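J.: Structure provided below as structure tokens; questions to follow.
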Amino acid sequence: MYFDIQLKEALIKSGFEGDGLQAVRKCRNTNAALAAEGLRLNLIRLSLKISRNSPDVFRAARAALFAALAIILLGAIPGRAQSGSGDQSSTQAQPSQSQQDQVPAEAGGPGGESGSIAMPRKSNSEEPPPPPKPKPADTPEFSLHVNVPVVTVDAHLMSKDGRPLALPLDVAEQHFKVYEDGVEQKIISVTKSKAPITAVLLVEFAATNYNFMMDALNSSYVFASTLQPQDWVAVVEFDMKTHVLVDFTQDKQAIFGALNTLRIPGFAETNIFDAMYDTLDRLDRVPGHKELVVVASGRDTFSKITLDQILKKVKITPNVTIYTICTGEAFLERVQAMGPAPQSNGAMMDYLQAKNQMAAFARMTGGRSYAPRLMGELPDIFREVAQAIRDQYTITYKPTNTKQDGTYRKLKVELVGPDNKPFILRDEKNKDIKYTIIARDGYTAKHEVE
């Protein structure tokens with residue numbers, strides 16, 4: 001206040017009271033930046049006017065003006081800070097207020113300090129929620145399915161002299177009986193096999209009993225000539241190793257050509273166990289029923305597979321019938337005709353054992369074993385084998401033992417008359433015919449993990 005009175009008196013003396021007071025009021029009414037700049041300019045202009053009129057008055061007025069300027073600046077800075085913060089808060093509050101005004105009333109949502117919070121409404125086009133899952137009943141229902149495999153047995157009806165016999169199909173359906181492990185089974189059907197033949201001709205070709213072996217190979221042409229156009233045949237020969245001469249084919253000329261390549265044997269070893277094991281393993285992957293025709297002496301000299309292993313392989317291989325033609329019988333007949341000799345005793349034992357092995361292979365699978373003594377028997381034997389493959393009955397049944405435990409089950413096939421006695425067959429002269437039924441000894445049930 002004191003400085004204002006001095007400033008006013010100095011301005012009155014100098015005659016510039018209006019200009020000085022106006023500059024001071026302007027500084028108080030404007031913000032600090034503009035006021036300071038305006039006051040500086042007004043002081044310069046005022047000091048020039050005062051200095052022209054009176055030097056003493058100029059010095060007094062200048063001191064008063066600077067004091068007033070200091071007071072104004074010290075009072076203007078806090079005011080500007082408060083004004084700036086107020087303006088900023090008012091500026092921030094204004095958009096929020098405008099945003100609050102823009103929220104529609106129908107948006108809904110919970111309220112807050114700044115008003116209601118907008119929440120988007122769910123669209124009506126969304127899919128409805130899935131229906132709730134039904135609750136399980138207190139006593140759930142369970143169903144158990146057991147797949148019982150159908151067993152197929154091929155049976156041949158043969159006369160005492162080896163000729164195949166035929167029965168009317170209705171008679172065969174009524175009188176065939178099948179027993180599994182001694183228990184009679186209910187037969188589903190009995191049919192005559194009409195399916196094409198799928199056979200493998202496995203021949204031994206080694207430097208043992210060479211002359212008779214060549215006659216056997218030449219006679220095998222008879223078997224190939226009896227094949228029908230729809231039949232499939234493969235030719236395999238063995239000595240130390242197994243060699244596939246021709247794979248399954250329906251071309252007879254290809255079969256004749258494969259047999260014609262067997263001219264001069266290279267080894268004297270005969271590994272029949274290895275050859276049969278390998279051939280059975282291949283046949284196991286071929287669908288349907290198969291026949292294996294083995295033409296060999298039966299002697300095994302160098303196989304990795306033992307007799308027990310090949311017998312087990314024959315048992316577990318399904319749907320394979322083995323027919324064997326043992327060529328060692330001619331050697332036995334020749335040795336016996338020449339008289340006993342110490343050096344031939346070992347060879348005779350080998351051929352006798354081989355003959356029994358060949359017969360076991362055929363018996364286990366429902367086939368037949370032949371042991372020709374003369375070369376003239378070979379064509380008729382091959383013709384009979386071809387006829388036996390076609391003239392067979394196929395019996396199907398579902399076993400009463402439903403366990404799939406991989407066990408071996410023995411089979412027995414019989415012809416039973418009306419009074420549960422053996423069925424009697426008579427020829428045209430009403431004489432009884434002695435017959436035999438050839439079928440496999442048993443089968444291996446499937447294991448449940450298969």
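In the structure tokens, each chain is lettered A, B, ... as it comes, each chain's residues begin at 1, and ligands are numbered from 1 in order of appearance.
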Could you pull out the residues in segment 217-414 of chain A that DSSP calls strand (DSSP E) from the backbone, as a VMD selection string?
T.: chain A and resid 232 to 238 242 to 249 290 to 296 320 to 326 369 to 370 393 to 397 408 to 414
J.: Quick check, in Å to one decimal: how far apart do atom CA of Gly406 of chain A and atom CA of His289 of chain A lie?
T.: 20.4 Å
J.: I want to know what sits within 10 Å of Arg383 of chain A, based on only C-alpha atoms, with residues of the same chain fewer than 5 positions away left out; could you give that as a list in words?
T.: Ser219, Ser220, Tyr221, Val222, Phe223, Ala224, Ser225, Thr226, Leu378 and Ala388 of chain A
J.: Include N, CA and C atoms and write out the residues we just selected as a CSV table (one decimal), in the first residue's frame.
T.:
chain,number,residue,atom,x,y,z
A,219,SER,N,5.5,-136.4,-63.6
A,219,SER,CA,4.2,-136.8,-63.3
A,219,SER,C,3.3,-135.6,-62.8
A,220,SER,N,4.0,-134.6,-62.2
A,220,SER,CA,3.3,-133.5,-61.7
A,220,SER,C,2.6,-132.7,-62.7
A,221,TYR,N,3.0,-132.9,-64.0
A,221,TYR,CA,2.3,-132.2,-65.1
A,221,TYR,C,0.8,-132.7,-65.1
A,222,VAL,N,0.5,-133.9,-64.7
A,222,VAL,CA,-0.8,-134.4,-64.6
A,222,VAL,C,-1.7,-133.6,-63.7
A,223,PHE,N,-1.1,-133.2,-62.5
A,223,PHE,CA,-1.8,-132.4,-61.6
A,223,PHE,C,-2.1,-131.0,-62.2
A,224,ALA,N,-1.1,-130.5,-62.8
A,224,ALA,CA,-1.3,-129.1,-63.4
A,224,ALA,C,-2.4,-129.2,-64.6
A,225,SER,N,-2.4,-130.3,-65.3
A,225,SER,CA,-3.4,-130.4,-66.4
A,225,SER,C,-4.8,-130.5,-66.0
A,226,THR,N,-5.1,-130.9,-64.7
A,226,THR,CA,-6.4,-131.1,-64.2
A,226,THR,C,-7.0,-129.8,-63.7
A,378,LEU,N,2.5,-142.8,-60.2
A,378,LEU,CA,2.5,-141.4,-60.0
A,378,LEU,C,1.4,-140.6,-60.8
A,388,ALA,N,-9.6,-135.4,-55.1
A,388,ALA,CA,-9.9,-135.3,-53.7
A,388,ALA,C,-10.1,-133.9,-53.2
J.: Write out as a Markdown table a residue-level contact list of segment 267-375 of chain A versus segment 191-206 of chain A with cut-off 12 Å: for each qualifying residue the closest pair of atoms and the distance in Å to one decimal, counting only C-alpha atoms, rows sorted by chain and residue number upward.
T.:
| residue | atom | partner | partner_atom | distance |
| --- | --- | --- | --- | --- |
| A:Phe267 | CA | A:Ala206 | CA | 5.5 |
| A:Ala268 | CA | A:Ala206 | CA | 5.1 |
| A:Glu269 | CA | A:Ala206 | CA | 6.6 |
| A:Thr270 | CA | A:Ala206 | CA | 6.6 |
| A:Asn271 | CA | A:Glu204 | CA | 8.9 |
| A:Ile272 | CA | A:Glu204 | CA | 7.8 |
| A:Phe273 | CA | A:Glu204 | CA | 11.6 |
| A:Asp274 | CA | A:Leu202 | CA | 12.0 |
| A:Ala275 | CA | A:Leu202 | CA | 8.3 |
| A:Met276 | CA | A:Leu202 | CA | 8.2 |
| A:Tyr277 | CA | A:Leu202 | CA | 11.6 |
| A:Asp278 | CA | A:Leu202 | CA | 11.0 |
| A:Thr279 | CA | A:Leu202 | CA | 8.3 |
| A:Leu280 | CA | A:Val200 | CA | 9.8 |
| A:Arg282 | CA | A:Val200 | CA | 10.3 |
| A:Leu283 | CA | A:Val200 | CA | 8.6 |
| A:Val286 | CA | A:Thr198 | CA | 9.1 |
| A:Pro287 | CA | A:Thr198 | CA | 9.6 |
| A:Gly288 | CA | A:Thr198 | CA | 8.2 |
| A:His289 | CA | A:Thr198 | CA | 7.1 |
| A:Lys290 | CA | A:Thr198 | CA | 5.0 |
| A:Glu291 | CA | A:Ala199 | CA | 4.5 |
| A:Leu292 | CA | A:Val200 | CA | 5.0 |
| A:Val293 | CA | A:Leu201 | CA | 5.0 |
| A:Val294 | CA | A:Leu202 | CA | 4.8 |
| A:Val295 | CA | A:Val203 | CA | 4.7 |
| A:Ala296 | CA | A:Glu204 | CA | 4.9 |
| A:Ser297 | CA | A:Glu204 | CA | 7.5 |
| A:Gly298 | CA | A:Glu204 | CA | 8.9 |
| A:Arg299 | CA | A:Glu204 | CA | 10.0 |
| A:Asp300 | CA | A:Glu204 | CA | 10.8 |
| A:Thr301 | CA | A:Ala206 | CA | 11.5 |
| A:Asn319 | CA | A:Thr198 | CA | 11.0 |
| A:Val320 | CA | A:Ala199 | CA | 9.3 |
| A:Thr321 | CA | A:Ala199 | CA | 9.3 |
| A:Ile322 | CA | A:Ala199 | CA | 9.6 |
| A:Tyr323 | CA | A:Leu201 | CA | 9.8 |
| A:Thr324 | CA | A:Leu202 | CA | 9.5 |
| A:Ile325 | CA | A:Val203 | CA | 9.6 |
| A:Cys326 | CA | A:Glu204 | CA | 10.4 |
| A:Thr327 | CA | A:Glu204 | CA | 9.6 |
| A:Gly328 | CA | A:Glu204 | CA | 11.5 |
J.: Please, what distance in Å, to one decimal, runs between atom CA of Gly442 of chain A and atom CA of Val150 of chain A?
T.: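 Those two atoms sit 14.1 Å apart.
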J.: Please give the complete set of residues from segment 276-350 of chain A that DSSP, run on the backbone, assigns to helix (DSSP H, G or I), formatted as a ChimeraX atom specification.
T.: /A:276-283,307-316,329-338,342-350
J.: Work out how far apart atom CA of Pro229 of chain A and atom CA of Lys252 of chain A are and give it in Å to one decimal.
T.: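 Computed distance, atom CA of Pro229 of chain A to atom CA of Lys252 of chain A, equals 8.7 Å.
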J.: What lies within 10 Å of Ile433 of chain A using only C-alpha atoms, ignoring chain neighbours under 3 positions off, as JSON, numbers by chain?
T.: {"A": [159, 160, 165, 424, 425, 426, 427, 430, 436]}
J.: For His447 of chain A, list every protein, DNA or RNA residue within 10 Å, evaluated using only C-alpha atoms, and leave out those in the same chain fewer than 6 positions away; present the list as a PDB file with C-alpha atoms, in the first residue's frame.
T.:
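Writing the result to part.pdb gives the following:
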ATOM      1  CA  LYS A 403     -13.654-119.288 -24.829  1.00  0.00           C
ATOM      2  CA  GLN A 404     -11.065-117.684 -27.072  1.00  0.00           C
ATOM      3  CA  ASP A 405      -8.059-118.891 -25.148  1.00  0.00           C
ATOM      4  CA  GLY A 406      -5.823-120.145 -27.957  1.00  0.00           C
ATOM      5  CA  THR A 407      -6.084-123.803 -26.940  1.00  0.00           C
TER       6      THR A 407
END
J.: Counting only C-alpha atoms, figure out which residue out of A:Leu374, A:Met364, A:Leu245, A:Ile438 gets nearest to Ala330 of chain A.
T.: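 Nearest candidate to Ala330 of chain A out of A:Leu374, A:Met364, A:Leu245, A:Ile438: A:Leu374.
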J.: Name the closest residue to Asp419 of chain A among the candidates A:His175, A:Ala337, A:Met358, A:Pro168; distances are taken between atoms, counting only C-alpha atoms.
T.: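 Closest to Asp419 of chain A, using only C-alpha atoms: A:His175.
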J.: Measuring between only C-alpha atoms, which one of A:Gln228, A:Gln185, A:Thr261, A:Thr208 shows the shortest distance to Val413 of chain A?
T.: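 Using only C-alpha atoms, the shortest distance to Val413 of chain A belongs to A:Gln185.
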J.: I'd like the neighbourhood of Asn218 of chain A as a PyMOL selection string, where a residue qualifies if any of its atoms comes within 9 Å (using only C-alpha atoms), though same-chain residues fewer than 4 positions away should be ignored.
T.: chain A and resi 213-214+222+259-260+379
J.: Just the selected residues (N, CA and C atoms), exported as an mmCIF file, in the first residue's frame, please.
T.:
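Ended up saving to out_34.cif:
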data_model
loop_
_atom_site.group_PDB
_atom_site.id
_atom_site.type_symbol
_atom_site.label_atom_id
_atom_site.label_comp_id
_atom_site.auth_asym_id
_atom_site.auth_seq_id
_atom_site.Cartn_x
_atom_site.Cartn_y
_atom_site.Cartn_z
ATOM 1 N N MET A 213 13.087 -138.922 -58.605
ATOM 2 C CA MET A 213 12.628 -137.545 -58.418
ATOM 3 C C MET A 213 12.227 -136.916 -59.748
ATOM 4 N N MET A 214 12.977 -137.187 -60.786
ATOM 5 C CA MET A 214 12.645 -136.636 -62.089
ATOM 6 C C MET A 214 11.330 -137.213 -62.608
ATOM 7 N N VAL A 222 0.544 -133.942 -64.654
ATOM 8 C CA VAL A 222 -0.837 -134.440 -64.614
ATOM 9 C C VAL A 222 -1.675 -133.586 -63.673
ATOM 10 N N LEU A 259 8.052 -125.933 -64.010
ATOM 11 C CA LEU A 259 8.505 -127.310 -63.776
ATOM 12 C C LEU A 259 9.596 -127.722 -64.757
ATOM 13 N N ASN A 260 9.569 -127.141 -65.937
ATOM 14 C CA ASN A 260 10.547 -127.504 -66.954
ATOM 15 C C ASN A 260 11.936 -126.937 -66.650
ATOM 16 N N PRO A 379 1.170 -140.888 -62.038
ATOM 17 C CA PRO A 379 0.090 -140.139 -62.709
ATOM 18 C C PRO A 379 -1.261 -140.330 -62.034
#
J.: Using only C-alpha atoms, which residue out of A:Glu180, A:Asp308, A:Asp154, A:Glu173 lies closest to Pro399 of chain A?
T.: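 Smallest separation from Pro399 of chain A among the options: A:Glu180.
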J.: Would you please work out which residue, of A:Tyr351, A:Thr365, A:Ile264, A:Arg285, is nearest to Leu311 of chain A when using only C-alpha atoms?
T.: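 Among the listed residues, the smallest separation from Leu311 of chain A belongs to A:Thr365.
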